[in-house]
Amino acid sequence: MIMKGRGRFITLEGGEGVGKSTQIRALAAALRERGLTVVETREPGGSRGAEAIRELLLHSEGDAWSPRAEALLFAAARSDHVSRVITPALEAGQWVLCDRFIDSTRAYQGGGSGLSDEDIMTLHRIGSEALLPDRTLLLRLDVDVAEARRSARTLERADRFEDRQAAFHTKVVAAFDRIAEAEPQRIRRIDADGQPDEVTGRLLAALADLL
Ligand SMILES: Nc1ncnc2c1ncn2[C@@H]1O[C@H](COP(=O)(O)OP(=O)(O)OP(=O)(O)O)[C@@H](O)[C@H]1O
Ligand SMILES: Cc1cn([C@H]2C[C@H](O)[C@@H](COP(=O)(O)O)O2)c(=O)[nH]c1=O
């Protein structure tokens with residue numbers, strides 16, 4: 001019997017409106033054309049329980065959660081998502097493309113809200129056995145361009161994080177950069193400016209060694 005190898009776990013990260021959702025769809029299509037079985041998912045969310053927590057996190061009243069409670073909720077959602085969706089797909093030899101994962105907690109609850117990276121990674125070890133992606137693609141875009149893209153789209157409702165001040169988002173973007181600098185093998189910084197298909201080409205190039 002031919003044993004199927006473990007699949008690949010790829011995450012897309014970045015600040016608000018940099019094009020992650022658009023690129024997940026395009027990347028999934030490009031990988032399927034290469035004959036791969038691809039699961040598209042997102043955080044917070046991706047499983048029934050995690051989607052319920054997403055609603056609490058994104059759409060409760062402004063200061064409903066303290067930063068620590070928020071980090072615990074993200075970790076709980078991730079734990080369910082990992083055990084019910086991500087790990088089974090990887091074990092079945094599938095590629096998992098996830099819109100945000102642990103690096104978002106490190107950037108938003110760490111860089112943005114001041115929790116230590118050590119505490120965040122401890123929660124990740126307890127909740128998700130410290131699972132890390134095979135490759136993380138960090139989309140980088142000038143904040144003004146991202147803001148212009150976001151205001152051009154019709155949002156159903158802004159979430160609690162999008163509503164935060166510019167200073168919070170500046171700290172988030174700086175934290176993403178620090179994390180990427182510390183882990184150059186796993187995390188590749190991608191220029192998200194330009195036409196969507198140009199950006200997809202850059203993402204595929206950053207996955208070439210895994211294909
Ligand atoms: N390369 C691009 N050029 C111009 N517009 C783009 C490009 N990529 C995405 N957009 C548009 O920018 C907006 C934000 O894109 P998208 O929702 O994919 O970003 P996101 O990173 O997932 O955002 P969020 O973090 O807010 O969920 C959408 O209206 C999308 O159509
Ligand atoms: C996973 C994760 C997400 N967030 C924040 C980042 C965004 O503002 C929202 C998710 O909205 P999106 O439109 O689906 O990107 O949640 C966070 O603060 N911490 C996390 O771990």
# chains A, B, ... in the order shown; residues from 1 in each chain; ligands from 1
$ residues_near_ligand --ligand "ligand 1" --cutoff "9 Å" --atoms "only C-alpha atoms and all ligand atoms" --output "PyMOL selection string"
chain A and resi 12-25+99-100+139+145-155+158-159+162+192-200
$ write_last_selection --atoms "C-alpha atoms" --output "PDB file, in the first residue's frame"
ATOM      1  CA  LEU A  12      -1.368  33.765   5.661  1.00  0.00           C
ATOM      2  CA  GLU A  13      -0.810  36.605   8.072  1.00  0.00           C
ATOM      3  CA  GLY A  14      -0.769  40.377   8.099  1.00  0.00           C
ATOM      4  CA  GLY A  15      -2.621  43.474   9.229  1.00  0.00           C
ATOM      5  CA  GLU A  16      -6.167  44.451   8.294  1.00  0.00           C
ATOM      6  CA  GLY A  17      -7.129  44.559   4.615  1.00  0.00           C
ATOM      7  CA  VAL A  18      -3.814  43.412   3.131  1.00  0.00           C
ATOM      8  CA  GLY A  19      -5.555  40.815   0.926  1.00  0.00           C
ATOM      9  CA  LYS A  20      -5.312  37.581   2.913  1.00  0.00           C
ATOM     10  CA  SER A  21      -8.815  36.286   2.092  1.00  0.00           C
ATOM     11  CA  THR A  22      -8.436  37.175  -1.589  1.00  0.00           C
ATOM     12  CA  GLN A  23      -5.076  35.426  -1.752  1.00  0.00           C
ATOM     13  CA  ILE A  24      -6.182  32.300   0.143  1.00  0.00           C
ATOM     14  CA  ARG A  25      -8.801  31.720  -2.549  1.00  0.00           C
ATOM     15  CA  ASP A  99      -6.230  32.788   7.091  1.00  0.00           C
ATOM     16  CA  ARG A 100      -4.415  33.809  10.333  1.00  0.00           C
ATOM     17  CA  LEU A 139       1.517  39.979   3.501  1.00  0.00           C
ATOM     18  CA  VAL A 145      -3.189  51.427   0.764  1.00  0.00           C
ATOM     19  CA  ALA A 146      -4.721  48.729   2.997  1.00  0.00           C
ATOM     20  CA  GLU A 147      -7.101  51.287   4.497  1.00  0.00           C
ATOM     21  CA  ALA A 148      -8.136  52.480   1.005  1.00  0.00           C
ATOM     22  CA  ARG A 149      -8.837  48.884  -0.036  1.00  0.00           C
ATOM     23  CA  ARG A 150     -10.859  48.249   3.096  1.00  0.00           C
ATOM     24  CA  SER A 151     -12.975  51.364   2.777  1.00  0.00           C
ATOM     25  CA  ALA A 152     -13.695  50.486  -0.868  1.00  0.00           C
ATOM     26  CA  ARG A 153     -15.259  47.170   0.132  1.00  0.00           C
ATOM     27  CA  THR A 154     -18.717  46.860   1.621  1.00  0.00           C
ATOM     28  CA  LEU A 155     -18.297  45.428   5.106  1.00  0.00           C
ATOM     29  CA  ALA A 158     -16.591  46.168  11.397  1.00  0.00           C
ATOM     30  CA  ASP A 159     -15.165  43.932  14.147  1.00  0.00           C
ATOM     31  CA  GLU A 162     -10.765  46.835  13.061  1.00  0.00           C
ATOM     32  CA  ALA A 192       1.086  42.614  -1.179  1.00  0.00           C
ATOM     33  CA  ASP A 193       1.010  45.653  -3.473  1.00  0.00           C
ATOM     34  CA  GLY A 194       0.007  45.267  -7.121  1.00  0.00           C
ATOM     35  CA  GLN A 195      -2.570  43.230  -8.992  1.00  0.00           C
ATOM     36  CA  PRO A 196      -3.967  40.169  -7.162  1.00  0.00           C
ATOM     37  CA  ASP A 197      -2.437  37.711  -9.659  1.00  0.00           C
ATOM     38  CA  GLU A 198       1.011  39.298  -9.225  1.00  0.00           C
ATOM     39  CA  VAL A 199       0.712  38.795  -5.476  1.00  0.00           C
ATOM     40  CA  THR A 200      -0.396  35.175  -5.975  1.00  0.00           C
TER      41      THR A 200
END
$ residues_near_ligand --ligand "ligand 2" --cutoff "10 Å" --atoms "only C-alpha atoms and all ligand atoms" --output "PyMOL selection string"
chain A and resi 13-21+42-45+54+57-58+67+70-75+77-78+98-110+112-113+120+155+158-164+169+172
$ write_last_selection --atoms "C-alpha atoms" --output "mmCIF file, in the first residue's frame"
data_model
loop_
_atom_site.group_PDB
_atom_site.id
_atom_site.type_symbol
_atom_site.label_atom_id
_atom_site.label_comp_id
_atom_site.auth_asym_id
_atom_site.auth_seq_id
_atom_site.Cartn_x
_atom_site.Cartn_y
_atom_site.Cartn_z
ATOM 1 C CA GLU A 13 -0.810 36.605 8.072
ATOM 2 C CA GLY A 14 -0.769 40.377 8.099
ATOM 3 C CA GLY A 15 -2.621 43.474 9.229
ATOM 4 C CA GLU A 16 -6.167 44.451 8.294
ATOM 5 C CA GLY A 17 -7.129 44.559 4.615
ATOM 6 C CA VAL A 18 -3.814 43.412 3.131
ATOM 7 C CA GLY A 19 -5.555 40.815 0.926
ATOM 8 C CA LYS A 20 -5.312 37.581 2.913
ATOM 9 C CA SER A 21 -8.815 36.286 2.092
ATOM 10 C CA ARG A 42 -9.595 30.733 8.900
ATOM 11 C CA GLU A 43 -9.062 31.951 12.436
ATOM 12 C CA PRO A 44 -10.653 32.704 14.694
ATOM 13 C CA GLY A 45 -13.034 30.017 13.486
ATOM 14 C CA ARG A 54 -15.271 34.020 16.796
ATOM 15 C CA LEU A 57 -14.451 37.734 20.120
ATOM 16 C CA LEU A 58 -15.272 39.919 17.156
ATOM 17 C CA PRO A 67 -6.468 41.104 26.932
ATOM 18 C CA GLU A 70 -9.131 37.457 24.834
ATOM 19 C CA ALA A 71 -5.907 35.436 24.476
ATOM 20 C CA LEU A 72 -7.529 32.478 26.250
ATOM 21 C CA LEU A 73 -10.527 32.631 23.915
ATOM 22 C CA PHE A 74 -8.284 32.694 20.823
ATOM 23 C CA ALA A 75 -6.336 29.740 22.241
ATOM 24 C CA ALA A 77 -10.896 28.443 19.465
ATOM 25 C CA ARG A 78 -7.554 27.405 17.958
ATOM 26 C CA CYS A 98 -5.345 29.083 7.002
ATOM 27 C CA ASP A 99 -6.230 32.788 7.091
ATOM 28 C CA ARG A 100 -4.415 33.809 10.333
ATOM 29 C CA PHE A 101 -3.072 31.525 13.078
ATOM 30 C CA ILE A 102 -0.780 31.776 16.130
ATOM 31 C CA ASP A 103 1.262 34.677 14.703
ATOM 32 C CA SER A 104 -1.887 36.831 14.755
ATOM 33 C CA THR A 105 -2.207 36.208 18.505
ATOM 34 C CA ARG A 106 1.474 37.073 18.940
ATOM 35 C CA ALA A 107 1.021 40.282 16.920
ATOM 36 C CA TYR A 108 -2.418 41.467 18.162
ATOM 37 C CA GLN A 109 -2.597 40.217 21.778
ATOM 38 C CA GLY A 110 1.219 40.383 22.142
ATOM 39 C CA GLY A 112 -0.884 45.243 20.230
ATOM 40 C CA SER A 113 -2.186 44.480 23.745
ATOM 41 C CA ILE A 120 1.038 33.276 24.393
ATOM 42 C CA LEU A 155 -18.297 45.428 5.106
ATOM 43 C CA ALA A 158 -16.591 46.168 11.397
ATOM 44 C CA ASP A 159 -15.165 43.932 14.147
ATOM 45 C CA ARG A 160 -13.737 44.909 17.557
ATOM 46 C CA PHE A 161 -10.174 44.835 16.244
ATOM 47 C CA GLU A 162 -10.765 46.835 13.061
ATOM 48 C CA ASP A 163 -12.348 49.515 15.263
ATOM 49 C CA ARG A 164 -9.158 50.013 17.287
ATOM 50 C CA HIS A 169 -2.495 48.620 14.336
ATOM 51 C CA VAL A 172 0.556 44.972 15.371
#
$ select_by_dssp --residues "segment 39-162 of chain A" --states "strand (DSSP E)" --output "list in words"
Val39, Glu40, Thr41, Arg42, Trp95, Val96, Leu97, Cys98, Asp99, Arg135, Thr136, Leu137, Leu138, Leu139 and Arg140 of chain A
$ atom_distance --atom1 "atom CA of Arg135 of chain A" --atom2 "atom CA of Ile10 of chain A"
5.1 Å
$ atom_distance --atom1 "atom CA of Asp209 of chain A" --atom2 "atom CA of Leu137 of chain A"
13.6 Å
$ select_by_dssp --residues "segment 78-140 of chain A" --states "alpha helix (DSSP H)" --output "list in words"
Arg78, Ser79, Asp80, His81, Thr87, Pro88, Ala89, Leu90, Glu91, Ile102, Asp103, Ser104, Thr105, Asp117, Glu118, Asp119, Ile120, Met121, Thr122, Leu123, His124, Arg125, Ile126, Gly127 and Ser128 of chain A
$ write_last_selection --atoms "C-alpha atoms" --output "CSV table (one decimal), in the first residue's frame"
chain,number,residue,atom,x,y,z
A,78,ARG,CA,-7.6,27.4,18.0
A,79,SER,CA,-7.4,24.2,20.0
A,80,ASP,CA,-10.8,23.1,18.7
A,81,HIS,CA,-9.9,24.1,15.1
A,87,THR,CA,-4.6,18.0,12.1
A,88,PRO,CA,-7.0,15.5,10.5
A,89,ALA,CA,-6.6,17.1,7.1
A,90,LEU,CA,-2.8,17.1,7.4
A,91,GLU,CA,-2.8,13.5,8.5
A,102,ILE,CA,-0.8,31.8,16.1
A,103,ASP,CA,1.3,34.7,14.7
A,104,SER,CA,-1.9,36.8,14.8
A,105,THR,CA,-2.2,36.2,18.5
A,117,ASP,CA,5.2,36.1,23.7
A,118,GLU,CA,6.2,33.4,26.3
A,119,ASP,CA,2.6,33.5,27.8
A,120,ILE,CA,1.0,33.3,24.4
A,121,MET,CA,3.2,30.3,23.4
A,122,THR,CA,2.4,28.6,26.7
A,123,LEU,CA,-1.3,28.8,25.9
A,124,HIS,CA,-0.5,27.5,22.4
A,125,ARG,CA,1.4,24.5,23.8
A,126,ILE,CA,-1.5,23.7,26.2
A,127,GLY,CA,-4.2,24.2,23.6
A,128,SER,CA,-2.7,23.0,20.3
$ atom_distance --atom1 "atom CA of Ala205 of chain A" --atom2 "atom CA of Asp142 of chain A"
21.6 Å
$ closest_residue --among "A:Leu138, A:Leu115, A:Ala29, A:Ala174" --to "Asp191 of chain A" --atoms "only C-alpha atoms"
A:Leu138
